[in-house]
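Student: This is protein_16.txt (compact mmCIF, C-alpha atoms and all ligand atoms).
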```
# COMPACT_ATOMS: atom_id res chain seq x y z
CA MET A 13 134.80 50.98 2.05
CA ALA A 14 134.70 48.73 5.12
CA GLY A 15 131.94 46.49 6.47
CA THR A 16 128.95 45.23 4.52
CA LEU A 17 129.11 46.37 0.91
CA LEU A 18 126.13 44.56 -0.56
CA SER A 19 123.06 43.34 1.26
CA VAL A 20 120.41 41.35 -0.57
CA GLN A 21 117.18 40.63 1.32
CA ASP A 22 114.50 38.23 0.13
CA LEU A 23 115.12 38.73 -3.58
CA LYS A 24 112.40 37.27 -5.79
CA VAL A 25 112.32 37.35 -9.58
CA GLY A 26 109.40 35.98 -11.55
CA PHE A 27 108.77 35.89 -15.30
CA ARG A 28 105.23 35.64 -16.58
CA THR A 29 105.28 33.26 -19.54
CA GLU A 30 102.60 31.52 -21.59
CA GLN A 31 103.10 28.38 -19.50
CA GLY A 32 102.74 30.24 -16.20
CA VAL A 33 104.96 32.18 -13.82
CA VAL A 34 108.63 31.13 -13.75
CA ARG A 35 109.93 31.72 -10.23
CA ALA A 36 113.57 32.00 -11.23
CA VAL A 37 114.71 33.40 -7.86
CA ASP A 38 112.51 32.76 -4.86
CA GLY A 39 113.59 34.48 -1.66
CA VAL A 40 117.39 34.72 -1.80
CA SER A 41 119.25 36.74 0.87
CA PHE A 42 122.95 37.30 1.41
CA ASP A 43 125.47 39.89 2.57
CA LEU A 44 128.86 40.57 1.05
CA GLU A 45 131.64 42.35 2.91
CA ALA A 46 133.84 44.88 1.11
CA GLY A 47 136.87 43.17 -0.46
CA GLN A 48 135.48 39.64 -0.06
CA THR A 49 134.50 37.00 -2.61
CA LEU A 50 131.15 35.22 -2.58
CA GLY A 51 130.98 32.05 -4.67
CA VAL A 52 127.50 31.29 -6.04
CA VAL A 53 127.27 27.66 -7.10
CA GLY A 54 124.50 25.58 -8.63
CA GLU A 55 123.50 23.57 -11.68
CA SER A 56 122.07 25.08 -14.83
CA GLY A 57 118.78 26.90 -14.27
CA SER A 58 119.26 27.42 -10.53
CA GLY A 59 118.84 31.21 -10.82
CA LYS A 60 122.47 32.38 -10.64
CA THR A 61 122.44 34.64 -13.70
CA VAL A 62 118.98 35.99 -12.93
CA THR A 63 120.22 36.97 -9.44
CA ALA A 64 123.25 38.72 -10.98
CA LYS A 65 121.15 40.50 -13.59
CA ALA A 66 118.73 41.69 -10.91
CA LEU A 67 121.68 43.30 -9.09
CA MET A 68 122.95 44.80 -12.36
CA ASN A 69 119.52 46.16 -13.37
CA LEU A 70 119.70 44.09 -16.55
CA LEU A 71 116.47 42.10 -16.34
CA PRO A 72 113.88 42.54 -19.09
CA SER A 73 111.03 44.92 -18.25
CA TYR A 74 108.50 42.05 -17.96
CA ALA A 75 110.43 40.54 -15.02
CA HIS A 76 108.66 40.93 -11.67
CA VAL A 77 111.26 41.78 -9.02
CA GLU A 78 110.75 41.95 -5.24
CA GLY A 79 113.07 42.36 -2.28
CA THR A 80 115.67 44.91 -1.27
CA VAL A 81 119.25 45.35 -2.39
CA SER A 82 121.50 47.82 -0.58
CA PHE A 83 124.95 48.85 -1.74
CA GLY A 84 126.58 50.65 1.17
CA ASP A 85 123.76 52.92 2.27
CA ARG A 86 122.17 53.15 -1.16
CA ASP A 87 119.01 51.42 -2.33
CA VAL A 88 119.88 49.73 -5.64
CA PHE A 89 116.31 49.29 -6.91
CA ALA A 90 115.49 52.93 -6.12
CA MET A 91 118.56 53.97 -8.15
CA ALA A 92 117.29 51.77 -11.01
CA ALA A 93 113.86 53.41 -10.85
CA ASN A 94 115.50 56.86 -10.88
CA ARG A 95 117.72 55.82 -13.83
CA GLU A 96 120.93 56.66 -12.00
CA LYS A 97 122.96 54.91 -14.66
CA HIS A 98 126.44 55.93 -13.51
CA PHE A 99 126.26 53.37 -10.71
CA TRP A 100 126.31 50.31 -12.99
CA GLY A 101 129.54 50.15 -14.94
CA VAL A 102 131.28 52.30 -12.33
CA GLU A 103 130.78 50.86 -8.83
CA MET A 104 129.22 47.55 -9.75
CA THR A 105 130.24 45.81 -12.98
CA MET A 106 129.81 42.40 -14.52
CA VAL A 107 131.79 40.01 -16.69
CA PHE A 108 129.69 37.54 -18.68
CA GLN A 109 130.45 34.00 -19.79
CA ASP A 110 130.82 34.90 -23.45
CA PRO A 111 133.14 37.89 -24.01
CA MET A 112 131.43 38.73 -27.31
CA THR A 113 128.21 39.69 -25.47
CA SER A 114 130.11 42.65 -23.97
CA LEU A 115 132.27 43.61 -26.96
CA ASN A 116 131.24 45.57 -30.00
CA PRO A 117 132.64 43.65 -33.00
CA VAL A 118 133.05 46.78 -35.16
CA LYS A 119 134.91 48.95 -32.64
CA LYS A 120 138.59 48.80 -31.77
CA VAL A 121 139.44 47.44 -28.34
CA GLY A 122 141.02 50.71 -27.18
CA GLU A 123 137.97 52.76 -28.12
CA GLN A 124 135.68 50.39 -26.24
CA ILE A 125 137.63 50.61 -23.00
CA ALA A 126 138.17 54.36 -23.34
CA GLU A 127 134.46 54.93 -23.99
CA SER A 128 133.49 53.78 -20.54
CA LEU A 129 136.05 56.14 -18.95
CA ARG A 130 134.85 59.05 -21.09
CA VAL A 131 131.13 58.46 -20.52
CA HIS A 132 131.17 57.67 -16.81
CA LEU A 133 134.22 59.53 -15.53
CA LYS A 134 134.29 62.34 -18.12
CA LYS A 135 137.95 61.73 -18.99
CA SER A 136 139.44 63.36 -22.05
CA ARG A 137 140.13 61.21 -25.10
CA ARG A 138 143.87 61.28 -24.51
CA GLU A 139 143.59 60.36 -20.82
CA ALA A 140 141.09 57.62 -21.53
CA PHE A 141 143.33 55.99 -24.16
CA ALA A 142 146.37 56.15 -21.87
CA GLU A 143 144.37 54.47 -19.10
CA ALA A 144 143.03 51.86 -21.51
CA GLY A 145 146.62 50.86 -22.29
CA ASP A 146 147.45 50.65 -18.57
CA LEU A 147 144.38 48.48 -17.99
CA LEU A 148 145.36 46.07 -20.76
CA GLU A 149 148.74 45.74 -19.12
CA GLN A 150 147.16 45.07 -15.72
CA VAL A 151 145.09 42.22 -17.16
CA GLY A 152 148.23 40.64 -18.56
CA ILE A 153 147.82 41.44 -22.26
CA PRO A 154 151.17 41.54 -24.05
CA GLU A 155 151.90 44.49 -26.39
CA PRO A 156 149.00 46.59 -25.05
CA GLY A 157 149.75 49.47 -27.44
CA LYS A 158 149.19 47.22 -30.45
CA ARG A 159 146.09 45.56 -28.96
CA LEU A 160 144.36 48.91 -28.44
CA THR A 161 144.16 49.32 -32.21
CA GLN A 162 142.81 45.83 -32.93
CA TYR A 163 139.23 44.60 -33.32
CA PRO A 164 137.83 41.88 -30.99
CA HIS A 165 137.87 39.24 -33.77
CA GLU A 166 141.65 39.68 -34.09
CA LEU A 167 142.13 38.38 -30.52
CA SER A 168 141.95 34.87 -29.07
CA GLY A 169 139.09 33.94 -26.71
CA GLY A 170 141.34 34.26 -23.68
CA LEU A 171 142.59 37.73 -24.70
CA ARG A 172 139.04 38.85 -25.42
CA GLN A 173 137.94 37.83 -21.92
CA ARG A 174 140.91 39.79 -20.54
CA VAL A 175 139.74 42.84 -22.52
CA VAL A 176 136.25 42.43 -21.05
CA ILE A 177 137.77 42.25 -17.56
CA ALA A 178 139.76 45.43 -18.32
CA MET A 179 136.51 47.13 -19.38
CA ALA A 180 134.78 45.98 -16.20
CA LEU A 181 137.64 47.33 -14.09
CA ALA A 182 138.04 50.62 -15.96
CA CYS A 183 136.05 52.81 -13.59
CA GLY A 184 137.39 51.18 -10.40
CA PRO A 185 134.36 49.19 -9.22
CA HIS A 186 133.87 48.14 -5.60
CA LEU A 187 132.08 45.00 -6.75
CA LEU A 188 132.71 42.82 -9.77
CA ILE A 189 130.22 40.09 -10.67
CA ALA A 190 131.86 37.36 -12.74
CA ASP A 191 129.23 35.01 -14.22
CA GLU A 192 130.95 31.78 -15.32
CA PRO A 193 133.75 33.95 -16.72
CA THR A 194 135.78 31.04 -18.05
CA THR A 195 133.37 28.34 -19.24
CA ALA A 196 133.66 29.46 -22.87
CA LEU A 197 137.47 29.15 -22.71
CA ASP A 198 140.08 26.48 -23.12
CA VAL A 199 140.86 24.60 -19.89
CA THR A 200 144.43 25.91 -19.67
CA VAL A 201 143.23 29.51 -20.13
CA GLN A 202 140.49 29.08 -17.51
CA LYS A 203 142.85 28.87 -14.57
CA HIS A 204 144.87 31.88 -15.77
CA ILE A 205 141.73 34.03 -15.96
CA LEU A 206 140.43 32.90 -12.55
CA ASP A 207 143.83 33.59 -10.97
CA LEU A 208 143.97 36.98 -12.70
CA LEU A 209 140.54 37.93 -11.31
CA ASP A 210 141.65 36.88 -7.86
CA ASP A 211 144.89 38.90 -8.04
CA LEU A 212 143.09 42.00 -9.33
CA ARG A 213 140.46 41.69 -6.64
CA ARG A 214 143.11 41.52 -3.93
CA ASP A 215 145.23 44.39 -5.35
CA ARG A 216 142.20 46.66 -5.65
CA GLY A 217 140.42 45.64 -2.44
CA MET A 218 137.40 44.94 -4.61
CA ALA A 219 134.57 42.54 -3.70
CA MET A 220 133.59 39.81 -6.14
CA ILE A 221 130.65 37.52 -6.78
CA LEU A 222 132.02 34.51 -8.63
CA ILE A 223 129.29 32.44 -10.27
CA THR A 224 130.01 28.88 -11.34
CA HIS A 225 128.48 25.40 -11.51
CA ASP A 226 131.75 23.96 -10.20
CA LEU A 227 132.47 23.84 -6.46
CA GLY A 228 136.13 23.23 -7.38
CA VAL A 229 136.39 26.71 -8.94
CA VAL A 230 135.34 28.54 -5.75
CA LYS A 231 137.10 26.25 -3.29
CA GLY A 232 140.36 28.19 -3.04
CA ARG A 233 138.96 31.54 -4.18
CA ALA A 234 135.77 32.42 -2.29
CA ASP A 235 135.46 33.55 1.33
CA GLU A 236 131.82 32.46 1.46
CA ILE A 237 129.81 30.10 -0.71
CA MET A 238 126.10 30.14 -1.45
CA VAL A 239 124.67 27.00 -3.05
CA MET A 240 121.55 27.60 -5.15
CA TYR A 241 118.97 25.19 -6.52
CA ALA A 242 115.72 26.00 -8.34
CA GLY A 243 115.85 29.65 -7.27
CA HIS A 244 116.47 28.87 -3.60
CA THR A 245 119.48 29.05 -1.33
CA MET A 246 120.13 25.51 -0.14
CA GLU A 247 123.24 26.17 1.93
CA GLU A 248 125.50 29.08 2.73
CA ALA A 249 128.72 29.04 4.74
CA PRO A 250 132.28 30.32 4.98
CA THR A 251 134.23 28.29 2.39
CA ALA A 252 136.30 26.24 4.83
CA THR A 253 133.18 25.36 6.84
CA LEU A 254 131.27 24.36 3.74
CA PHE A 255 133.94 21.86 2.75
CA SER A 256 134.56 20.48 6.24
CA GLU A 257 130.97 20.37 7.52
CA MET A 258 128.69 20.41 4.52
CA ARG A 259 125.12 19.85 5.59
CA HIS A 260 123.01 19.90 2.46
CA PRO A 261 122.63 16.70 0.45
CA TYR A 262 122.68 18.84 -2.72
CA THR A 263 126.05 20.34 -1.79
CA GLU A 264 127.34 16.84 -1.08
CA ALA A 265 126.05 15.63 -4.44
CA LEU A 266 127.65 18.60 -6.26
CA LEU A 267 130.97 17.83 -4.60
CA GLU A 268 130.81 14.23 -5.81
CA THR A 269 130.52 15.46 -9.39
CA ILE A 270 133.93 17.14 -9.40
CA PRO A 271 137.11 15.15 -10.06
CA LYS A 272 139.62 15.23 -7.21
CA ILE A 273 143.30 15.78 -7.74
CA ASP A 274 144.30 12.92 -5.43
CA THR A 275 142.11 10.26 -7.03
CA PRO A 276 143.67 8.17 -9.79
CA SER A 277 142.75 9.05 -13.39
CA HIS A 278 139.86 7.02 -14.85
CA THR A 279 138.14 7.21 -11.44
CA ARG A 280 134.43 7.37 -12.06
CA LEU A 281 132.37 10.33 -10.89
CA VAL A 282 128.92 9.99 -9.37
CA PRO A 283 126.40 12.07 -11.31
CA ILE A 284 123.41 13.56 -9.48
CA PRO A 285 120.45 11.45 -10.64
CA GLY A 286 117.65 13.24 -12.46
CA ARG A 287 117.48 16.86 -13.54
CA PRO A 288 116.72 20.14 -11.80
CA PRO A 289 112.96 20.84 -11.81
CA GLU A 290 111.39 23.24 -14.25
CA VAL A 291 111.07 26.36 -12.09
CA ILE A 292 107.57 26.77 -13.41
CA GLU A 293 106.30 23.92 -11.28
CA ILE A 294 108.46 23.53 -8.22
CA PRO A 295 106.89 20.92 -5.94
CA ASP A 296 105.48 21.94 -2.54
CA GLY A 297 108.21 20.37 -0.48
CA CYS A 298 111.97 20.63 -0.90
CA PRO A 299 112.79 21.24 -4.59
CA PHE A 300 115.70 18.78 -4.35
CA ALA A 301 113.68 15.96 -2.72
CA PRO A 302 113.03 14.02 -5.96
CA ARG A 303 116.80 13.62 -6.51
CA CYS A 304 117.94 13.35 -2.90
CA ARG A 305 119.24 10.19 -1.27
CA TYR A 306 118.25 11.48 2.17
CA SER A 307 114.62 12.30 1.37
CA ILE A 308 111.99 11.46 4.00
CA THR A 309 108.22 11.86 3.81
CA ARG A 310 108.29 15.36 5.27
CA CYS A 311 110.54 16.58 2.44
CA LEU A 312 107.74 15.96 -0.06
CA THR A 313 105.19 18.24 1.54
CA ASP A 314 106.98 20.72 3.75
CA ARG A 315 109.57 23.07 2.27
CA PRO A 316 112.51 23.41 4.68
CA GLY A 317 113.54 26.94 5.64
CA LEU A 318 117.15 27.97 6.21
CA THR A 319 118.29 27.07 9.72
CA SER A 320 121.56 27.85 11.44
CA HIS A 321 124.29 25.23 11.75
CA GLY A 322 126.84 27.46 13.45
CA SER A 323 128.47 30.78 12.78
CA GLY A 324 127.55 32.05 9.31
CA HIS A 325 126.44 28.57 8.27
CA SER A 326 122.85 27.91 7.25
CA CYS A 327 121.17 25.08 5.42
CA ALA A 328 117.62 24.35 4.22
CA CYS A 329 117.09 20.64 4.85
CA HIS A 330 115.00 18.36 7.10
CA ALA A 331 117.68 15.67 7.22
CA PRO A 332 121.04 17.44 6.99
CA VAL A 333 124.20 15.46 6.17
CA GLY A 334 126.17 14.37 9.24
CA THR A 335 123.38 15.18 11.74
CA PRO A 336 121.38 12.47 13.56
CA SER A 337 118.30 13.05 11.38
CA GLY A 338 120.38 12.88 8.19
CA ILE A 339 122.26 9.75 9.22
CA GLU A 340 118.99 8.07 10.17
CA ALA A 341 117.25 9.11 6.92
CA ARG A 342 120.05 7.84 4.72
CA ALA A 343 120.36 4.55 6.59
CA ALA A 344 116.60 3.97 6.35
CA ASN A 345 116.65 4.68 2.59
CA GLU A 346 119.64 2.39 2.11
CA SER A 347 117.93 -0.43 3.95
CA THR A 348 114.75 -0.23 1.86
CA GLY A 349 116.66 0.59 -1.34
CA THR A 350 114.43 3.57 -2.11
CA THR A 351 113.90 7.14 -0.91
CA ALA A 352 110.64 8.74 0.24
CA ALA A 353 110.40 10.31 -3.22
CA GLY A 354 110.64 6.84 -4.78
CA LEU A 355 114.19 7.20 -6.07
CA ASP A 356 116.06 3.92 -6.47
CA MET A 357 119.14 4.12 -4.21
CA ASP A 358 121.13 2.18 -6.84
CA GLN A 359 121.18 5.40 -8.87
CA PHE A 360 123.82 6.75 -6.53
CA THR A 361 126.29 4.01 -7.28
CA ARG A 362 126.05 4.40 -11.06
CA LYS A 363 129.18 6.26 -11.93
CA VAL A 364 130.31 7.98 -15.09
CA PRO A 365 133.92 7.75 -16.27
CA VAL A 366 136.15 10.80 -16.26
CA ILE A 367 137.03 11.40 -19.89
CA ASP A 368 140.76 10.96 -20.28
CA PHE A 369 142.07 12.49 -23.49
CA GLY A 370 145.53 11.00 -22.97
CA PRO A 371 148.80 12.90 -23.27
CA PRO A 372 148.95 15.86 -25.68
CA GLY A 373 149.63 14.83 -29.26
CA ALA A 374 148.67 11.19 -28.60
CA GLU A 375 145.76 11.10 -31.02
CA GLY A 376 146.02 9.40 -34.46
N1 LIG B 1 113.95 36.27 -19.55
C1 LIG B 1 113.48 35.14 -19.04
N2 LIG B 1 112.19 34.76 -19.24
C2 LIG B 1 111.69 33.60 -18.73
N3 LIG B 1 112.44 32.74 -17.99
C3 LIG B 1 113.71 33.07 -17.76
C4 LIG B 1 114.31 34.27 -18.27
N4 LIG B 1 115.62 34.32 -17.88
C5 LIG B 1 115.82 33.20 -17.15
N5 LIG B 1 114.69 32.45 -17.09
C6 LIG B 1 114.55 31.18 -16.36
O1 LIG B 1 114.96 31.37 -15.03
C7 LIG B 1 115.62 30.20 -14.54
C8 LIG B 1 116.97 30.57 -13.96
O2 LIG B 1 117.81 30.97 -15.03
P1 LIG B 1 119.33 31.43 -14.83
O3 LIG B 1 119.77 31.92 -16.17
O4 LIG B 1 119.44 32.35 -13.69
O5 LIG B 1 120.04 30.06 -14.47
P2 LIG B 1 121.60 29.85 -14.13
O6 LIG B 1 121.67 29.33 -12.75
O7 LIG B 1 122.35 31.07 -14.46
O8 LIG B 1 121.95 28.64 -15.12
P3 LIG B 1 123.27 28.41 -16.05
O9 LIG B 1 124.24 27.69 -15.17
O10 LIG B 1 122.76 27.54 -17.16
O11 LIG B 1 123.76 29.74 -16.52
C9 LIG B 1 115.68 29.23 -15.71
O12 LIG B 1 114.65 28.30 -15.58
C10 LIG B 1 115.46 30.12 -16.92
O13 LIG B 1 114.86 29.40 -17.95
MG MG B 2 123.79 31.51 -15.85
```
Will you turn the file into structure tokens for me?
Ligand SMILES: Nc1ncnc2c1ncn2[C@@H]1O[C@H](COP(=O)(O)OP(=O)(O)OP(=O)(O)O)[C@@H](O)[C@H]1O
Ligand SMILES: [Mg+2]

Tutor:
Amino acid sequence: MAGTLLSVQDLKVGFRTEQGVVRAVDGVSFDLEAGQTLGVVGESGSGKTVTAKALMNLLPSYAHVEGTVSFGDRDVFAMAANREKHFWGVEMTMVFQDPMTSLNPVKKVGEQIAESLRVHLKKSRREAFAEAGDLLEQVGIPEPGKRLTQYPHELSGGLRQRVVIAMALACGPHLLIADEPTTALDVTVQKHILDLLDDLRRDRGMAMILITHDLGVVKGRADEIMVMYAGHTMEEAPTATLFSEMRHPYTEALLETIPKIDTPSHTRLVPIPGRPPEVIEIPDGCPFAPRCRYSITRCLTDRPGLTSHGSGHSCACHAPVGTPSGIEARAANESTGTTAAGLDMDQFTRKVPVIDFGPPGAEG
């Protein structure tokens, strides 16, 4: 498949709760080319998983969903309404943060992978088991023959996530959605899994949506990055552009929260002051204004729309980083010591230490 594979237009997801309507996703649009990786980045509660579940038709029935999602020339929500279930799990699949949510604890690994091939692609039992073994090999599992006959609890967390990836790849999807696929794993295993996903994506010409709260994870892996906050897209750009010309103060703040390889250990990180808003009561203006060091009066009342900052680069901000209005806003806030939203500018110089566990084996 060449050209645009997935096109999401003005996606909105609301949940009616006792406290009111939770606008978990509020007007998100993006396109993904075949074979490319989109990184979706944002803090907890920004609407990343809800967006993914909307695409996967996995939202609970009480969710109110609006917008259009096209996959090639097919209408994804129309397929959901018509219960065309062989689309999900075949052409579009998903890997979740916790491998145990996708694995059946009482079924052998081989049976679980083979099942998907038998149900969706109508393979015989023998063919499906042979392919399951091949898939385990492709995801770097040693002794695949032995692993096929084991139960999930007999495997380590890293091997389990590899099994889940094998299951997601079984039917040859064109798009794989990986939702924080490594956060439940050991740090050393995390990089192996992310590199594996990247290699498999390239070998298969598959597209990927890689969801994470860490800009560092998508830096070398995504073609495009979309930064989300409180159900909104704050900034979207080709990866190199995002890092060289970031425009949104939220993106800048997220970048300051990741440790850099070239800074000495013990260097303190700058946390983003405050917390994301409860999506039940997002203020009228920019949802990030209360935590933003660039905020001006307009940000409190007037929600900024996405505007273009060059090819494929858009940002929703009244005072974008590095532009005359942003430079002026920040300088004015620094001179008065407070932002339009009343945030003390000192908050931005309070740093938190990077936890240094010392060399392996150093403890007591
Ligand atoms: N089934 C649901 N009913 C009501 N609210 C929900 C439901 N699912 C998600 N939400 C709310 O929608 C918002 C977005 O949630 P989502 O899980 O998409 O966040 P996220 O960006 O994936 O965060 P994290 O990084 O913690 O995974 C949150 O405020 C969450 O509480
Ligand atoms: Mg999530």

Student: Grab me every residue within 9 Å of ligand MG 2 (chain B), counting only C-alpha atoms and all ligand atoms, and send it over as a list in words.

Tutor: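 Taking only C-alpha atoms and all ligand atoms into account, the residues around ligand MG 2 (chain B) at most 9 Å away are Glu55, Ser56, Gly57, Ser58, Gly59, Lys60, Thr61, Val62, Ala64, Phe108, Gln109, Asp191, Glu192, Ile223, Thr224 and His225 of chain A.
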
Student: Using C-alpha atoms, can you write the selected residues to a file as a PDB file, in the frame of the given file?

Tutor:
```
ATOM      1  CA  GLU A  55     123.500  23.570 -11.680  1.00  0.00           C
ATOM      2  CA  SER A  56     122.070  25.080 -14.830  1.00  0.00           C
ATOM      3  CA  GLY A  57     118.780  26.900 -14.270  1.00  0.00           C
ATOM      4  CA  SER A  58     119.260  27.420 -10.530  1.00  0.00           C
ATOM      5  CA  GLY A  59     118.840  31.210 -10.820  1.00  0.00           C
ATOM      6  CA  LYS A  60     122.470  32.380 -10.640  1.00  0.00           C
ATOM      7  CA  THR A  61     122.440  34.640 -13.700  1.00  0.00           C
ATOM      8  CA  VAL A  62     118.980  35.990 -12.930  1.00  0.00           C
ATOM      9  CA  ALA A  64     123.250  38.720 -10.980  1.00  0.00           C
ATOM     10  CA  PHE A 108     129.690  37.540 -18.680  1.00  0.00           C
ATOM     11  CA  GLN A 109     130.450  34.000 -19.790  1.00  0.00           C
ATOM     12  CA  ASP A 191     129.230  35.010 -14.220  1.00  0.00           C
ATOM     13  CA  GLU A 192     130.950  31.780 -15.320  1.00  0.00           C
ATOM     14  CA  ILE A 223     129.290  32.440 -10.270  1.00  0.00           C
ATOM     15  CA  THR A 224     130.010  28.880 -11.340  1.00  0.00           C
ATOM     16  CA  HIS A 225     128.480  25.400 -11.510  1.00  0.00           C
TER      17      HIS A 225
END
```

Student: Which residue, A:Asp210, A:Glu346, A:Glu96, A:Asp110, has the smallest gap to ligand LIG 1 (chain B) when you use all atoms listed in the file?

Tutor: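 Ranked by minimum distance to ligand LIG 1 (chain B), first place goes to A:Asp110.
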
Student: Please compute the CA of Ala126 in chain A-CA of Ala140 in chain A distance, one decimal, in Å.

Tutor: 4.7 Å

Student: Using all atoms listed in the file, find the one residue out of A:His186, A:His321, A:Arg259, A:Arg287 that sits nearest to ligand LIG 1 (chain B).

Tutor: A:Arg287

Student: Quick one: residues within 12 Å of Phe141 in chain A, all atoms listed in the file counted, chain neighbours fewer than 6 positions away excluded, as a ChimeraX atom specification?

Tutor: /A:120-130,135,147-148,156-157,159-161,182

Student: Using CA of Gly317 in chain A and CA of Pro302 in chain A as the two end points, give the distance in Å to one decimal.

Tutor: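 These atoms are spaced 17.4 Å apart.
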